[in-house]
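Raw query06.txt, compact mmCIF, C-alpha atoms and all ligand atoms:
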```txt
# COMPACT_ATOMS: atom_id res chain seq x y z
CA MET M 1009 213.21 27.79 207.13
CA PRO M 1010 216.75 28.87 207.90
CA ASN M 1011 218.74 30.31 205.05
CA PRO M 1012 221.35 27.95 203.58
CA ALA M 1013 224.90 28.76 204.70
CA PRO M 1014 226.59 31.24 202.42
CA PRO M 1015 229.13 29.65 200.05
CA GLN M 1016 232.46 29.24 201.75
CA SER M 1017 234.97 31.81 200.58
CA SER M 1018 238.14 30.39 202.13
CA CYS M 1019 239.91 27.02 201.69
CA SER M 1020 238.64 24.33 204.08
CA PHE M 1021 242.15 22.87 204.31
CA CYS M 1022 244.49 25.85 204.73
CA SER M 1023 242.07 28.76 205.22
CA ARG M 1024 243.56 30.75 202.37
CA GLY M 1025 241.08 33.28 201.11
CA GLU M 1026 240.36 34.49 197.59
CA ALA M 1027 243.18 37.01 197.80
CA GLN M 1028 245.86 34.42 198.61
CA ALA M 1029 244.96 31.79 196.00
CA SER M 1030 244.83 31.75 192.20
CA PHE M 1031 241.38 30.25 192.46
CA ILE M 1032 239.11 28.48 194.89
CA VAL M 1033 236.88 25.54 193.98
CA ARG M 1034 233.71 25.42 196.05
CA GLY M 1035 231.95 22.19 196.88
CA GLY M 1036 228.71 21.56 198.72
CA ARG M 1037 230.27 21.63 202.17
CA GLY M 1038 233.68 23.14 201.72
CA ALA M 1039 236.17 24.66 199.39
CA ILE M 1040 239.69 23.96 198.23
CA CYS M 1041 242.24 26.45 197.00
CA SER M 1042 244.63 26.17 194.08
CA SER M 1043 247.62 25.48 196.37
CA CYS M 1044 245.90 22.61 198.16
CA LEU M 1045 244.74 21.16 194.83
CA GLU M 1046 248.32 21.20 193.60
CA ALA M 1047 249.52 19.47 196.76
CA ALA M 1048 246.79 16.83 196.46
CA TYR M 1049 247.66 16.26 192.81
CA ALA M 1050 251.33 15.76 193.72
CA VAL M 1051 250.37 13.07 196.24
CA LEU M 1052 248.33 11.25 193.58
CA GLU M 1053 251.21 11.47 191.12
CA ASP M 1054 253.59 9.97 193.68
CA GLU M 1055 251.24 7.08 194.27
CA ARG M 1056 250.94 6.46 190.55
CA GLU M 1057 254.69 6.40 190.16
CA ASP M 1058 255.04 3.95 193.03
CA LEU M 1059 252.48 1.69 191.44
CA PHE M 1060 254.37 1.55 188.16
CA GLU M 1061 257.90 1.56 189.55
CA ASP M 1062 257.27 -1.75 191.28
CA GLY M 1063 255.69 -3.36 188.27
CA PRO M 1064 257.06 -5.14 185.23
CA PRO M 1065 257.47 -3.35 181.90
CA PRO M 1066 254.00 -2.82 180.42
CA ILE M 1067 252.36 -5.23 178.01
CA ARG M 1068 253.95 -4.84 174.58
CA GLY M 1069 250.95 -6.01 172.65
CA ALA M 1070 248.02 -8.39 172.61
CA LEU M 1071 247.15 -11.15 170.15
CA ALA M 1072 243.56 -12.17 169.66
CA GLN M 1073 243.25 -15.95 169.82
CA VAL M 1074 241.20 -17.19 166.91
CA TRP M 1075 240.38 -20.87 166.82
CA VAL M 1076 239.75 -21.88 163.23
CA PRO M 1077 239.05 -25.23 161.57
CA ASP M 1078 241.96 -24.74 159.16
CA VAL M 1079 244.74 -22.17 159.60
CA GLU M 1080 245.77 -22.29 155.95
CA ALA M 1081 242.25 -21.56 154.74
CA ALA M 1082 241.69 -18.81 157.27
CA LEU M 1083 244.95 -16.95 156.69
CA PRO M 1084 244.07 -14.77 153.65
CA LEU M 1085 241.29 -12.93 155.45
CA TYR M 1086 243.42 -12.21 158.51
CA GLN M 1087 246.33 -11.14 156.33
CA ARG M 1088 244.04 -8.66 154.64
CA LEU M 1089 242.73 -7.39 157.97
CA ALA M 1090 246.22 -7.10 159.38
CA GLY M 1091 247.54 -5.56 156.18
CA SER M 1092 250.56 -7.78 156.45
CA ASP M 1093 252.22 -10.61 154.57
CA GLU M 1094 254.42 -11.38 157.51
CA ILE M 1095 253.37 -14.69 158.95
CA ARG M 1096 254.96 -16.57 161.78
CA ARG M 1097 253.97 -20.15 161.43
CA ILE M 1098 254.52 -22.78 164.05
CA ARG M 1099 253.42 -26.38 163.80
CA SER M 1100 253.60 -29.22 166.21
CA ASP M 1101 251.92 -32.60 166.20
CA GLU M 1102 248.95 -31.25 168.07
CA LEU M 1103 248.78 -27.64 167.04
CA ASP M 1104 248.97 -25.58 163.88
CA LEU M 1105 249.54 -21.95 164.68
CA ALA M 1106 250.03 -18.79 162.65
CA ARG M 1107 250.60 -15.28 163.80
CA VAL M 1108 249.73 -12.45 161.51
CA GLY M 1109 249.53 -8.89 162.84
CA PRO M 1110 247.42 -8.88 166.01
CA PHE M 1111 245.92 -12.33 165.28
CA LEU M 1112 246.96 -15.71 166.49
CA LEU M 1113 245.21 -18.36 164.42
CA LEU M 1114 245.10 -21.82 165.89
CA THR M 1115 243.96 -25.20 164.76
CA GLY M 1116 244.16 -28.30 166.87
CA SER M 1117 242.21 -31.31 167.92
CA THR M 1118 239.55 -30.44 170.45
CA GLU M 1119 241.11 -32.82 172.91
CA ALA M 1120 244.60 -31.40 172.73
CA THR M 1121 243.50 -27.79 172.82
CA ALA M 1122 240.71 -27.95 175.39
CA PRO M 1123 242.85 -26.47 178.19
CA TYR M 1124 243.70 -23.45 176.05
CA ARG M 1125 240.39 -22.49 174.57
CA ASP M 1126 239.25 -20.34 177.46
CA ARG M 1127 242.07 -17.84 177.13
CA VAL M 1128 241.07 -14.26 176.49
CA ALA M 1129 244.19 -13.29 174.55
CA THR M 1130 247.93 -13.72 174.36
CA LEU M 1131 249.77 -10.81 175.94
CA LEU M 1132 253.30 -10.04 174.81
CA VAL M 1133 255.72 -9.12 177.57
CA ASP M 1134 259.39 -8.26 177.84
CA ASP M 1135 260.12 -9.75 181.23
CA MET M 1136 258.34 -12.93 182.18
CA ASP M 1137 259.82 -13.12 185.68
CA GLU M 1138 258.63 -9.67 186.66
CA THR M 1139 255.26 -10.21 185.02
CA ARG M 1140 254.85 -13.43 186.96
CA ALA M 1141 255.78 -11.72 190.23
CA ALA M 1142 253.31 -8.88 189.62
CA LEU M 1143 250.51 -11.31 188.78
CA LEU M 1144 251.08 -13.46 191.85
CA ASP M 1145 251.28 -10.33 193.95
CA ALA M 1146 247.86 -9.33 192.63
CA GLY M 1147 246.33 -12.69 193.53
CA ALA M 1148 246.54 -14.45 190.17
CA SER M 1149 247.25 -18.17 189.94
CA LEU M 1150 249.49 -19.89 187.42
CA VAL M 1151 247.80 -22.47 185.23
CA GLU M 1152 250.91 -23.39 183.29
CA GLY M 1153 254.55 -22.32 183.19
CA PRO M 1154 256.44 -20.15 182.90
CA GLY M 1155 258.38 -22.42 180.60
CA ASP M 1156 259.63 -22.82 177.06
CA GLY M 1157 256.84 -22.93 174.52
CA LEU M 1158 256.71 -23.02 170.74
CA ALA M 1159 257.19 -19.29 170.27
CA GLY M 1160 259.17 -18.34 173.37
CA ILE M 1161 258.77 -18.39 177.11
CA HIS M 1162 255.12 -18.79 177.84
CA MET M 1163 252.88 -18.82 180.86
CA ILE M 1164 249.16 -19.15 181.40
CA ALA M 1165 247.67 -17.32 184.35
CA ARG M 1166 244.20 -16.99 185.81
CA HIS M 1167 243.60 -13.48 187.08
CA PRO M 1168 241.79 -13.04 190.40
CA ASP M 1169 238.71 -11.96 188.38
CA GLY M 1170 238.69 -15.36 186.68
CA ALA M 1171 239.96 -14.27 183.25
CA VAL M 1172 242.66 -16.51 181.78
CA PHE M 1173 245.49 -15.07 179.69
CA GLU M 1174 248.51 -16.50 178.00
CA TYR M 1175 251.69 -14.48 178.47
CA LEU M 1176 254.43 -14.75 175.91
CA GLN M 1177 257.98 -13.46 175.91
CA GLU M 1178 258.93 -13.99 172.31
CA THR M 1179 262.29 -15.28 171.26
CA SER M 1180 263.71 -12.90 168.71
ZN ZN M 1201 244.09 25.55 200.64
```

Output the file's structure as structure tokens, nothing else.
Amino acid sequence: MPNPAPPQSSCSFCSRGEAQASFIVRGGRGAICSSCLEAAYAVLEDEREDLFEDGPPPIRGALAQVWVPDVEAALPLYQRLAGSDEIRRIRSDELDLARVGPFLLLTGSTEATAPYRDRVATLLVDDMDETRAALLDAGASLVEGPGDGLAGIHMIARHPDGAVFEYLQETS
């Protein structure tokens, strides 16, 4: 059996040897020196920046959607969990809604709320237009909106993976 090749002592990319580099990382079939690693890292960083520069401001927060039989009765527990007395309550003919901390409690007739029950969460955003553009760009489809909702500008989108989210830009 032939002997395995001796471990490579110079960089496979730039041929720097041990003496010219701070360190050399050896892999199974090659090696890379500290300078080439730095250059590769810089390329990755650039790509990351590009990815985020084009996008909307990041999600500000997420509200868990909790469908309950009675918002009023459910509130104390969620207030305790959220450690907050601050409740934003919104009622319409078809929907009773309370926000406390990271929870969005909802009560509504099954009929009226059927289209909304499959949402994963409500995501809070600062810029609905840019969020919409980024979602469409990624292959998402809009189920509803963007338009004025009870708590601000809202939009429901189905992501290309099938998950449905509500997006909300709150009115202050
Ligand atoms: Zn190198």

Checklist entry - So which residues are near ligand ZN 1201 (chain M), meaning at most 10 Å away with only C-alpha atoms and all ligand atoms counted, given back as a PyMOL selection string? => result chain M and resi 1018-1025+1028-1029+1031-1033+1039-1047

Using C-alpha atoms, can you write the selected residues to a file as a PDB file, keeping the file's coordinate frame?
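As a result, again35.pdb now contains:
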```
ATOM      1  CA  SER M1018     238.140  30.390 202.130  1.00  0.00           C
ATOM      2  CA  CYS M1019     239.910  27.020 201.690  1.00  0.00           C
ATOM      3  CA  SER M1020     238.640  24.330 204.080  1.00  0.00           C
ATOM      4  CA  PHE M1021     242.150  22.870 204.310  1.00  0.00           C
ATOM      5  CA  CYS M1022     244.490  25.850 204.730  1.00  0.00           C
ATOM      6  CA  SER M1023     242.070  28.760 205.220  1.00  0.00           C
ATOM      7  CA  ARG M1024     243.560  30.750 202.370  1.00  0.00           C
ATOM      8  CA  GLY M1025     241.080  33.280 201.110  1.00  0.00           C
ATOM      9  CA  GLN M1028     245.860  34.420 198.610  1.00  0.00           C
ATOM     10  CA  ALA M1029     244.960  31.790 196.000  1.00  0.00           C
ATOM     11  CA  PHE M1031     241.380  30.250 192.460  1.00  0.00           C
ATOM     12  CA  ILE M1032     239.110  28.480 194.890  1.00  0.00           C
ATOM     13  CA  VAL M1033     236.880  25.540 193.980  1.00  0.00           C
ATOM     14  CA  ALA M1039     236.170  24.660 199.390  1.00  0.00           C
ATOM     15  CA  ILE M1040     239.690  23.960 198.230  1.00  0.00           C
ATOM     16  CA  CYS M1041     242.240  26.450 197.000  1.00  0.00           C
ATOM     17  CA  SER M1042     244.630  26.170 194.080  1.00  0.00           C
ATOM     18  CA  SER M1043     247.620  25.480 196.370  1.00  0.00           C
ATOM     19  CA  CYS M1044     245.900  22.610 198.160  1.00  0.00           C
ATOM     20  CA  LEU M1045     244.740  21.160 194.830  1.00  0.00           C
ATOM     21  CA  GLU M1046     248.320  21.200 193.600  1.00  0.00           C
ATOM     22  CA  ALA M1047     249.520  19.470 196.760  1.00  0.00           C
TER      23      ALA M1047
END
```

Checklist entry - Could you pull the residues within 10 Å of stretch 1151-1156 of chain M, counting all atoms listed in the file, minus those fewer than 6 positions along the same chain, as a ChimeraX atom specification? => result /M:1123,1136-1137,1140,1162-1166,1172-1177,1179

Please provide as a PDB file with C-alpha atoms, in the frame of the given file all residues within 9 Å of M:Ile1098, with the sequence filter that same-chain residues fewer than 3 positions apart are discarded (counting only C-alpha atoms).
```
ATOM      1  CA  LEU M1103     248.780 -27.640 167.040  1.00  0.00           C
ATOM      2  CA  ASP M1104     248.970 -25.580 163.880  1.00  0.00           C
ATOM      3  CA  LEU M1105     249.540 -21.950 164.680  1.00  0.00           C
ATOM      4  CA  ALA M1106     250.030 -18.790 162.650  1.00  0.00           C
ATOM      5  CA  ARG M1107     250.600 -15.280 163.800  1.00  0.00           C
ATOM      6  CA  LEU M1158     256.710 -23.020 170.740  1.00  0.00           C
ATOM      7  CA  ALA M1159     257.190 -19.290 170.270  1.00  0.00           C
TER       8      ALA M1159
END
```

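Atom pair atom CA of M:Gly1116 / atom CA of M:Ala1072 has a distance of 16.4 Å (rounded to one decimal).
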
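Taking atom CA of M:Thr1121 and atom CA of M:Glu1102 as the two end points, the separation is 8.0 Å.
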
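Shortest atom-to-atom contact with M:Leu1089 among M:Pro1064, M:Gly1147, M:Pro1077, M:Gly1109: M:Gly1109, counting all atoms listed in the file.
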
Got a minute to add N, CA and C atoms to stretch 1063-1075 of chain M and dump it as an mmCIF file, in the frame of the given file?
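What landed in result.cif:
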```cif
data_model
loop_
_atom_site.group_PDB
_atom_site.id
_atom_site.type_symbol
_atom_site.label_atom_id
_atom_site.label_comp_id
_atom_site.auth_asym_id
_atom_site.auth_seq_id
_atom_site.Cartn_x
_atom_site.Cartn_y
_atom_site.Cartn_z
ATOM 1 N N GLY M 1063 256.242 -2.381 189.198
ATOM 2 C CA GLY M 1063 255.690 -3.360 188.270
ATOM 3 C C GLY M 1063 256.650 -3.740 187.161
ATOM 4 N N PRO M 1064 256.275 -4.740 186.386
ATOM 5 C CA PRO M 1064 257.060 -5.140 185.230
ATOM 6 C C PRO M 1064 256.889 -4.124 184.112
ATOM 7 N N PRO M 1065 257.710 -4.211 183.065
ATOM 8 C CA PRO M 1065 257.470 -3.350 181.900
ATOM 9 C C PRO M 1065 256.061 -3.630 181.387
ATOM 10 N N PRO M 1066 255.393 -2.625 180.837
ATOM 11 C CA PRO M 1066 254.000 -2.820 180.420
ATOM 12 C C PRO M 1066 253.874 -3.829 179.278
ATOM 13 N N ILE M 1067 252.668 -4.298 179.089
ATOM 14 C CA ILE M 1067 252.360 -5.230 178.010
ATOM 15 C C ILE M 1067 252.746 -4.599 176.671
ATOM 16 N N ARG M 1068 253.459 -5.346 175.859
ATOM 17 C CA ARG M 1068 253.950 -4.840 174.580
ATOM 18 C C ARG M 1068 252.882 -4.915 173.488
ATOM 19 N N GLY M 1069 251.997 -5.866 173.649
ATOM 20 C CA GLY M 1069 250.950 -6.010 172.650
ATOM 21 C C GLY M 1069 250.050 -7.167 173.033
ATOM 22 N N ALA M 1070 248.948 -7.304 172.321
ATOM 23 C CA ALA M 1070 248.020 -8.390 172.610
ATOM 24 C C ALA M 1070 247.642 -9.075 171.298
ATOM 25 N N LEU M 1071 247.569 -10.390 171.327
ATOM 26 C CA LEU M 1071 247.150 -11.150 170.150
ATOM 27 C C LEU M 1071 245.797 -11.770 170.434
ATOM 28 N N ALA M 1072 244.859 -11.524 169.530
ATOM 29 C CA ALA M 1072 243.560 -12.170 169.660
ATOM 30 C C ALA M 1072 243.719 -13.641 169.296
ATOM 31 N N GLN M 1073 243.172 -14.522 170.103
ATOM 32 C CA GLN M 1073 243.250 -15.950 169.820
ATOM 33 C C GLN M 1073 242.035 -16.347 169.005
ATOM 34 N N VAL M 1074 242.291 -16.823 167.805
ATOM 35 C CA VAL M 1074 241.200 -17.190 166.910
ATOM 36 C C VAL M 1074 241.307 -18.669 166.586
ATOM 37 N N TRP M 1075 240.384 -19.435 167.113
ATOM 38 C CA TRP M 1075 240.380 -20.870 166.820
ATOM 39 C C TRP M 1075 239.650 -21.090 165.523
#
```
